[in-house]
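First the structure, in the form of structure tokens, and then the observations on it.
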Number of protein chains: 4
Amino acid sequence: MEKQTLSLAEQFLQTRQRSFQLCEPLERDDYCLQAAAFASPPKWHLAHTTWFFETFILKPFCANYQPIDPIYEVLFNSYYNGIGEQFPRPQRGLLSRPSLEDVTQYRETIDSAMCELLQHTEHAHIDEIKRRCVLGIEHEKQHQELLLTDIKYSLSKNPICPTYIPIDTNSAGSKEAFQDVCQTEWVAFEGGVVSMGVEGSEALDDFSFDNESPKHDHLLQPFKLASRLVTNAEFQAFIDDGGYQRPEFWLADGWTEVQAQQWERPLYWRDKDGQALEFTLHGLQSRNPQSPVCHVSAYEADAFANWDGARLPTEFEWEYAASQQRFSRDSSLRFHPDSNHNADPLTQLYDQCWQWTASAYRPYPGFSASKDAIGEYNGKFMCNQWVLRGGSCVSPPDHVRATYRNFFYPADRWQFFGIRLAK
Amino acid sequence: MEKQTLSLAEQFLQTRQRSFQLCEPLERDDYCLQAAAFASPPKWHLAHTTWFFETFILKPFCANYQPIDPIYEVLFNSYYNGIGEQFPRPQRGLLSRPSLEDVTQYRETIDSAMCELLQHTEHAHIDEIKRRCVLGIEHEKQHQELLLTDIKYSLSKNPICPTYIPIDTNSAGSKEAFQDVCQTEWVAFEGGVVSMGVEGSEALDDFSFDNESPKHDHLLQPFKLASRLVTNAEFQAFIDDGGYQRPEFWLADGWTEVQAQQWERPLYWRDKDGQALEFTLHGLQSRNPQSPVCHVSAYEADAFANWDGARLPTEFEWEYAASQQRFSRDSSLRFHPDSNHNADPLTQLYDQCWQWTASAYRPYPGFSASKDAIGEYNGKFMCNQWVLRGGSCVSPPDHVRATYRNFFYPADRWQFFGIRLAK
Amino acid sequence: MEKQTLSLAEQFLQTRQRSFQLCEPLERDDYCLQAAAFASPPKWHLAHTTWFFETFILKPFCANYQPIDPIYEVLFNSYYNGIGEQFPRPQRGLLSRPSLEDVTQYRETIDSAMCELLQHTEHAHIDEIKRRCVLGIEHEKQHQELLLTDIKYSLSKNPICPTYIPIDTNSAGSKEAFQDVCQTEWVAFEGGVVSMGVEGSEALDDFSFDNESPKHDHLLQPFKLASRLVTNAEFQAFIDDGGYQRPEFWLADGWTEVQAQQWERPLYWRDKDGQALEFTLHGLQSRNPQSPVCHVSAYEADAFANWDGARLPTEFEWEYAASQQRFSRDSSLRFHPDSNHNADPLTQLYDQCWQWTASAYRPYPGFSASKDAIGEYNGKFMCNQWVLRGGSCVSPPDHVRATYRNFFYPADRWQFFGIRLAK
Amino acid sequence: MEKQTLSLAEQFLQTRQRSFQLCEPLERDDYCLQAAAFASPPKWHLAHTTWFFETFILKPFCANYQPIDPIYEVLFNSYYNGIGEQFPRPQRGLLSRPSLEDVTQYRETIDSAMCELLQHTEHAHIDEIKRRCVLGIEHEKQHQELLLTDIKYSLSKNPICPTYIPIDTNSAGSKEAFQDVCQTEWVAFEGGVVSMGVEGSEALDDFSFDNESPKHDHLLQPFKLASRLVTNAEFQAFIDDGGYQRPEFWLADGWTEVQAQQWERPLYWRDKDGQALEFTLHGLQSRNPQSPVCHVSAYEADAFANWDGARLPTEFEWEYAASQQRFSRDSSLRFHPDSNHNADPLTQLYDQCWQWTASAYRPYPGFSASKDAIGEYNGKFMCNQWVLRGGSCVSPPDHVRATYRNFFYPADRWQFFGIRLAK
């Protein structure tokens, strides 16, 4: 028991430190940057993940806990109505105060208090404290991915095309590395009544979110899944064939979006003087035709699939197929998808781009959210969004798994979203 | 064969005449009325349903067919990109020309041409002509319901609270008729692997839309369904308990909508000088506490269910339960839901209000839309909308069935939408 | 006295009948047409002008007057906060009820009551009644011009390009009539301290609005005024020289509007298959290069003047110059500006297009609006609008004069607005 | 000549340094803060004022000048279409790069280059260089005031109510200082033909902007001007009398704005637990009832005047009255208006709040802007804005004068705008 608690504290600190490490390459002026309502500033991410531990653990369970500043409860509350009022999301970039120094101090104070609390193994609520601490760690890992995708989006609005971090010249970004990828193979699955999701677990080494439960049976028709993701070159062929001008490939709402937003290519594609470029966390780079296409909406993914005579997989098809593979994910830090030269039957599941599924994000049969404020974590979003499966190059190592259900609106493009086809 | 063709022509004419009958109670100035982008004017409905026959049958299959006016192809095209450009939906009310007399003439000309064409039993494409004629009839029936719900919405914006048609004083609208309804019973179903949907059919007496196909197996968990719809009195209790002020009952997008639209009751509820009123097609009327609550969004339906400790049924649960009942629907013309005094196990399935399900509107496994412009009928809308099942008091008789999939955005309220609970 | 009162009643009836005459060419479906918030439907104009007499004369001065319908007070109030609540302007087209028949009945009832009241020469308030009746007549004349410009705008949104009234083939609209106009002459004026405006008068034969008072002295620098209006051909030269693409000619707000609205020519110009066309009350017609350019905003007028090395006149320059001419205006009914072949020093003052001045619409020194609700007629609009002087082809005969101050927002284009230059 | 050039360089450097001094109290995270399209971030002000010297002096006149970064031409161009494209104003806060360090470096480089250039007394264009340098200095002074009003606005959106600079406890902000002000006296002026504006001058010690020219005669009616500004207490009386609920006091556009923005008090008034507070550059402070009311729109100023039975002065009345006073302005740095205890006939002209006039901002007779890009400085804004006269507590010393024409839209409130009445 003792050992386990220490281990949790260690993992807590490791996660907390990783958030800071991700901020190291930032310029000081980037910390308050917010280019859209959906893209929070780095400073706000640092504060909000701290607020989570303070609000859900320290305030209820730490005797005589004195909040650092009562207004933080409002400023750094994302969407928990059960906690109270929230500072409006589109204005998070306006919080020049508290300063970065104040927020850093906030993090340190909360970290100390958390570590101390975790040592009270005799605390009447130690199990609940640990359960919530695990959830807070997983929550912070989600925000680590958001921190990178949000800063990418916000920097992309600057005509200077700033660099978050210089490219590692040994990596796949250089033209020499633009080798051909393997052909797409269609991997066949039998279907039948299969078990989906997991029994809820809240241990750190076996964690799952509530939306992955309950485990339940599902009837699958036979299906085939593409062995790898759609590439930039393949998506370029769709564009060259008039993909963005031909309504017959598009869902009605997608076509409306294409018109309204004047979409004509993935979010970060740039074309300049005949060069195929792409805005990345390494700044403006050449576009590798063999790399997975990235930053497309569900509408674009669906239209591409229609054009290609295929379709998107359901989340159940994806999970069933993935659950039959050995989970493997490179744990090194990468900031852009690579091309693939792995000849495994199903590749690029977790480490390149999230994969849009054809499934609307709805609760599993028998799902119920917990009744307290933490219950707002997932359940209330089960509407109008689509499920993505897998993981991306900027997902924290050990954060993803076959049953993980990511979800976004079908028009969203700023995450690392790619396409895997099904038939 | 002969007989069957004649019968189709008769049914064609019957449907066409019914559209005009529904317009009879209108004032002349109502014909161009459009109070929202989603609510088309009566004159436009009359013209568009005619356009459907002209565009998909007469133009391709009637030798030497001369369009009445080439601009009609644009003016009365709803959303068929495969046909070409469309006059903008929000501006349909601006079409004071062609006049009502012109549109009436348009209908008569097309009706004659259709009847003549249907008599050519030796036409090389007679089967396709008949298939499309059946679809056109079903299409017009859908617009008959829309015509009534659209005019209801548009009239509701007039502070005069105009009457579409006077109330039948023998009907349930008077206070004397406000008797208690039966208690809700929970009807239990076993579940298991069940067959959903139908094999596509396009015969008039066995018609189904493409979105009801293919027939396929689905795995159902055991469930219970409420024997009747939620009443106005029950919904009032939700309001009285702060339903519209308590975010814990609401989906996040629903709560956003409540704030943005300042919803605090169903769409047509009015309260004046202590009287509980309701805007209806009969004008402003007393609200029968025992009648089904009507004109609620999916968000309100879902929030009510949460408040009540229940949930909405999936479309599969609904279809499975309904398919085990004898189909029965009163064929008399009614313009508002009644209270229920039927002691059958499952009541109010088809003749009061459409029932929101918990299912996102997505294609059935193996669905594919036809590749021509008619293929735009259903498939491209399978995104962001929710399925409703059943039928309403203004659904044309013989139009609905257990497998019928109606679909609207979860924020929509202007159709006759009600609530049936599940557990 | 008797005679004068009768005469007023006669003029009242004449004005009232003219409103109906202007509606005669309309199709029935045009009566509720409203294509923009600023363009009221014909039926509403007919009702509102009636409401004016009912509200400001019959209600206060007619003993035992019973309003036809209390809701009319709200429905047909344009902007008189002193009277009470107003039905929202952008929704006037939604008033399918009261029907046109009801509104016609409303007019007849009020007309009878007014005629009867005007005969009560011994009425304690007969002078005030007559004063307000005169104002009501002038008010209705203003709405007669609006009725035509509003219906022109609303019909212009119909791709059919409907005709309000067929062209008189004897008129100047045919190509044969496209003769050259006289060259522009620059008419010089000395300036000095001049008298502007009029002493307020409310007699029918010497009427002026309150915004034309008080009469006051103004110091004018010497100036020159163009002898005629800018023509379509001259404006085309501005366009051909890149006028709409070169910010250097434009006021900052004008340039913003050009970008936002994507203006590239006057409101009703159309170009099709190499033909220079124009939407008019006679439908789509050839554009006479010699006719005055029409339906331009103040921004376009100002940019044209800058491009041409000239400027717009101030309202004082205009009034001083016009007051030295004999007033002459053709009283025949015309619906589009003609080209000019009059060799008078200053032509086209009152009968072609209103002329944008460089003057912001502000009160004259010493102006004060009356304190009752009628005082809202002009004073509260003296902000953000620009003064136009003269009159247009659709201004009612005998309605305009040298001191008349018309006013609109500088971005407005739907009235018959033209350009006269100054130096 | 030598001496004069040096003196200009000194004044140049002094102005440049003052911009930095005004930033000293800022937190580092404040530099990119932008809470509205109209409120630029401090870092942007620092860069744009530098860009002005680089663009209009160094680029055209400094031989072999190498721009620091070509993209700066776009990023820091405010509105000069003649120079080229502009980075969108509402997104200036998104420019986290170039960093503050880069911008500081930019300023230093340009300052050195400017000082060097100014020493070239034999330069062929030295007179034009000096003329533009003077304009650049005056331009930077205008931005110094904007920098303070913009940061005030942006900080006001933070619920923390941050302090730009702590209050000087010796100043008038404390309750003890809330002494009664002198009564308003009405100072009478005869009027007549008076001379307005100045002959254009571009010497530093006699500078005026082009919009103050040409000097011209104007005919003034007799008028009276209030001896001091309207106080908070007086404005409170307007509110207490229902000022914001009574349309009869308001211009139509003003009333629309009151409804749309839900205005019910001046921009920075706050009321909390019965305390009358005000957000200031010193944070949240008690509201001194005797201080001039501040941060009101022209609509509010006009409505207050109507309520009080007075009116706003024209800009000509103001200038004529002020030109007869000795110019006096306290040169100490202050950040909020004080109450007045000066018994002079006309007080608070230049050092408390800008004073809304009744005059639309239009060119003086004979005005013409210069034809190059600098000509965009003033002329193109002469439309839809109102003239303010005087100066404010945050106007740089020696920047204002009797002929100075400030101008803003009538709905604007974020500058230090107050009210002086006329009769």
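Just remember, in the structure tokens the first chain shown is A, the second B, etc., residues are 1-based per chain, and ligands are 1-based in the order shown.
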
Could you build a table of the residues in chain C lying no more than 6 Å from chain D, giving for each the nearest pair of atoms and their separation in Å rounded to one decimal place, using only C-alpha atoms, ordered by chain and ascending residue number, as JSON lines?
```
{"residue": "C:Leu219", "atom": "CA", "partner": "D:Leu219", "partner_atom": "CA", "distance": 5.7}
{"residue": "C:Leu251", "atom": "CA", "partner": "D:Lys380", "partner_atom": "CA", "distance": 4.4}
{"residue": "C:Ala252", "atom": "CA", "partner": "D:Lys380", "partner_atom": "CA", "distance": 5.1}
{"residue": "C:Lys380", "atom": "CA", "partner": "D:Leu251", "partner_atom": "CA", "distance": 4.4}
{"residue": "C:Phe381", "atom": "CA", "partner": "D:Ala252", "partner_atom": "CA", "distance": 5.6}
{"residue": "C:Asn384", "atom": "CA", "partner": "D:Asn384", "partner_atom": "CA", "distance": 5.3}
```

Write the residues you've just listed into a file as a PDB file, in the first residue's frame, and include N, CA and C atoms for each of them.
```pdb
ATOM      1  N   LEU C 219     -22.819  81.410 -43.385  1.00  0.00           N
ATOM      2  CA  LEU C 219     -21.755  82.048 -44.164  1.00  0.00           C
ATOM      3  C   LEU C 219     -21.252  81.078 -45.233  1.00  0.00           C
ATOM      4  N   LEU C 251     -13.739  57.308 -48.590  1.00  0.00           N
ATOM      5  CA  LEU C 251     -13.748  57.454 -47.143  1.00  0.00           C
ATOM      6  C   LEU C 251     -13.476  56.088 -46.521  1.00  0.00           C
ATOM      7  N   ALA C 252     -12.849  56.080 -45.346  1.00  0.00           N
ATOM      8  CA  ALA C 252     -12.491  54.807 -44.715  1.00  0.00           C
ATOM      9  C   ALA C 252     -13.720  53.920 -44.519  1.00  0.00           C
ATOM     10  N   LYS C 380     -35.073  63.009 -33.786  1.00  0.00           N
ATOM     11  CA  LYS C 380     -34.242  61.961 -33.210  1.00  0.00           C
ATOM     12  C   LYS C 380     -33.374  61.237 -34.241  1.00  0.00           C
ATOM     13  N   PHE C 381     -33.575  61.555 -35.514  1.00  0.00           N
ATOM     14  CA  PHE C 381     -32.757  60.916 -36.549  1.00  0.00           C
ATOM     15  C   PHE C 381     -31.560  61.766 -36.966  1.00  0.00           C
ATOM     16  N   ASN C 384     -25.664  60.565 -37.751  1.00  0.00           N
ATOM     17  CA  ASN C 384     -25.111  59.485 -38.579  1.00  0.00           C
ATOM     18  C   ASN C 384     -25.694  59.433 -39.988  1.00  0.00           C
TER      19      ASN C 384
END
```

Discussion item. Residues within 12 Å of Leu26 of chain D, please, as JSON, numbers by chain. Count only C-alpha atoms; anything in the same chain fewer than 2 positions from it doesn't count.
Written reply: {"A": [96, 97, 99], "D": [20, 21, 22, 23, 24, 28, 29, 30, 31, 32, 33, 41, 42, 43, 147, 148, 151, 152, 155, 162, 163, 164, 165, 166, 281]}

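Counting only C-alpha atoms, the residue from D:Gly136, D:His123, D:Glu315, D:Arg89 that sits nearest to Phe56 of chain D is D:Gly136.
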
Discussion item. To one decimal place in Å, what is the distance between atom CA of Glu300 of chain A and atom CA of Gln142 of chain A?
Written reply: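 Taking atom CA of Glu300 of chain A and atom CA of Gln142 of chain A, their separation equals 24.5 Å.
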
Item to complete: Would you list the contacts of Arg405 of chain A as a list in words, taking every protein, DNA or RNA residue within 7 Å and counting only C-alpha atoms, but skipping same-chain residues closer than 6 positions in sequence?
Response: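 Returned residues: Glu212, Val387, Leu388 and Arg389 of chain A.
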
Dump of N, CA and C atoms for the selected residues, as a CSV table (one decimal), in the first residue's frame:
```csv
chain,number,residue,atom,x,y,z
A,212,GLU,N,-15.8,4.6,-21.6
A,212,GLU,CA,-15.5,3.4,-22.2
A,212,GLU,C,-16.3,2.2,-21.6
A,387,VAL,N,-16.9,10.0,-32.8
A,387,VAL,CA,-15.9,9.3,-32.1
A,387,VAL,C,-14.6,9.2,-33.0
A,388,LEU,N,-13.5,9.5,-32.4
A,388,LEU,CA,-12.2,9.1,-33.0
A,388,LEU,C,-11.5,8.1,-32.2
A,389,ARG,N,-10.8,7.2,-32.9
A,389,ARG,CA,-10.1,6.2,-32.2
A,389,ARG,C,-8.6,6.2,-32.5
```

Practice prompt. Please run DSSP on the backbone and report, as a PyMOL selection string, all residues within segment 174-290 of chain C that come out as alpha helix (DSSP H).
Written response: chain C and resi 232-240+252-261

Discussion item. Ranking B:Ser328, B:Thr121, B:Asn211, B:Thr50 by minimum distance to Tyr377 of chain B and counting only C-alpha atoms, which one comes first?
Written reply: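 Under the stated criterion, the closest residue is B:Asn211.
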
Item to complete: Pick out each residue of segment 350-381 of chain B that DSSP on the backbone tags as strand (DSSP E); I need them as a PyMOL selection string.
Response: chain B and resi 354-360

Worksheet item: Using only C-alpha atoms, which residues sit within 10 Å of Cys62 of chain B once same-chain residues fewer than 3 positions away are excluded, as a PyMOL selection string?
Response: chain B and resi 54+57-59+65-66+113-114+116-117+123+129

Worksheet item: Excluding same-chain residues fewer than 2 positions from Ser332 of chain A, what lies within 12 Å of it counting only C-alpha atoms, as number ranges by chain?
Response: A: 171, 329-330, 334-336, 351, 393-398

Discussion item. Using only C-alpha atoms, which protein or nucleic acid residues come within 9 Å of Ala37 of chain B? Drop anything in the same chain fewer than 4 positions from it, and give the result as a PyMOL selection string.
Written reply: chain B and resi 89-92

Discussion item. For Phe209 of chain B, find every residue with an atom within 8 Å (counting only C-alpha atoms), except residues of its own chain fewer than 3 positions away, and show them as an MDAnalysis selection string.
Written reply: chainID B and resid 200:202 212:213 404

Worksheet item: Please, what distance in Å, to one decimal, runs between atom CA of Ile167 of chain D and atom CA of Asn406 of chain D?
Response: 27.9 Å

Practice prompt. Using atom CA of Pro289 of chain A and atom CA of Ile239 of chain A as the two end points, give the distance in Å to one decimal.
Written response: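 According to the coordinates, atom CA of Pro289 of chain A and atom CA of Ile239 of chain A are separated by 13.4 Å.
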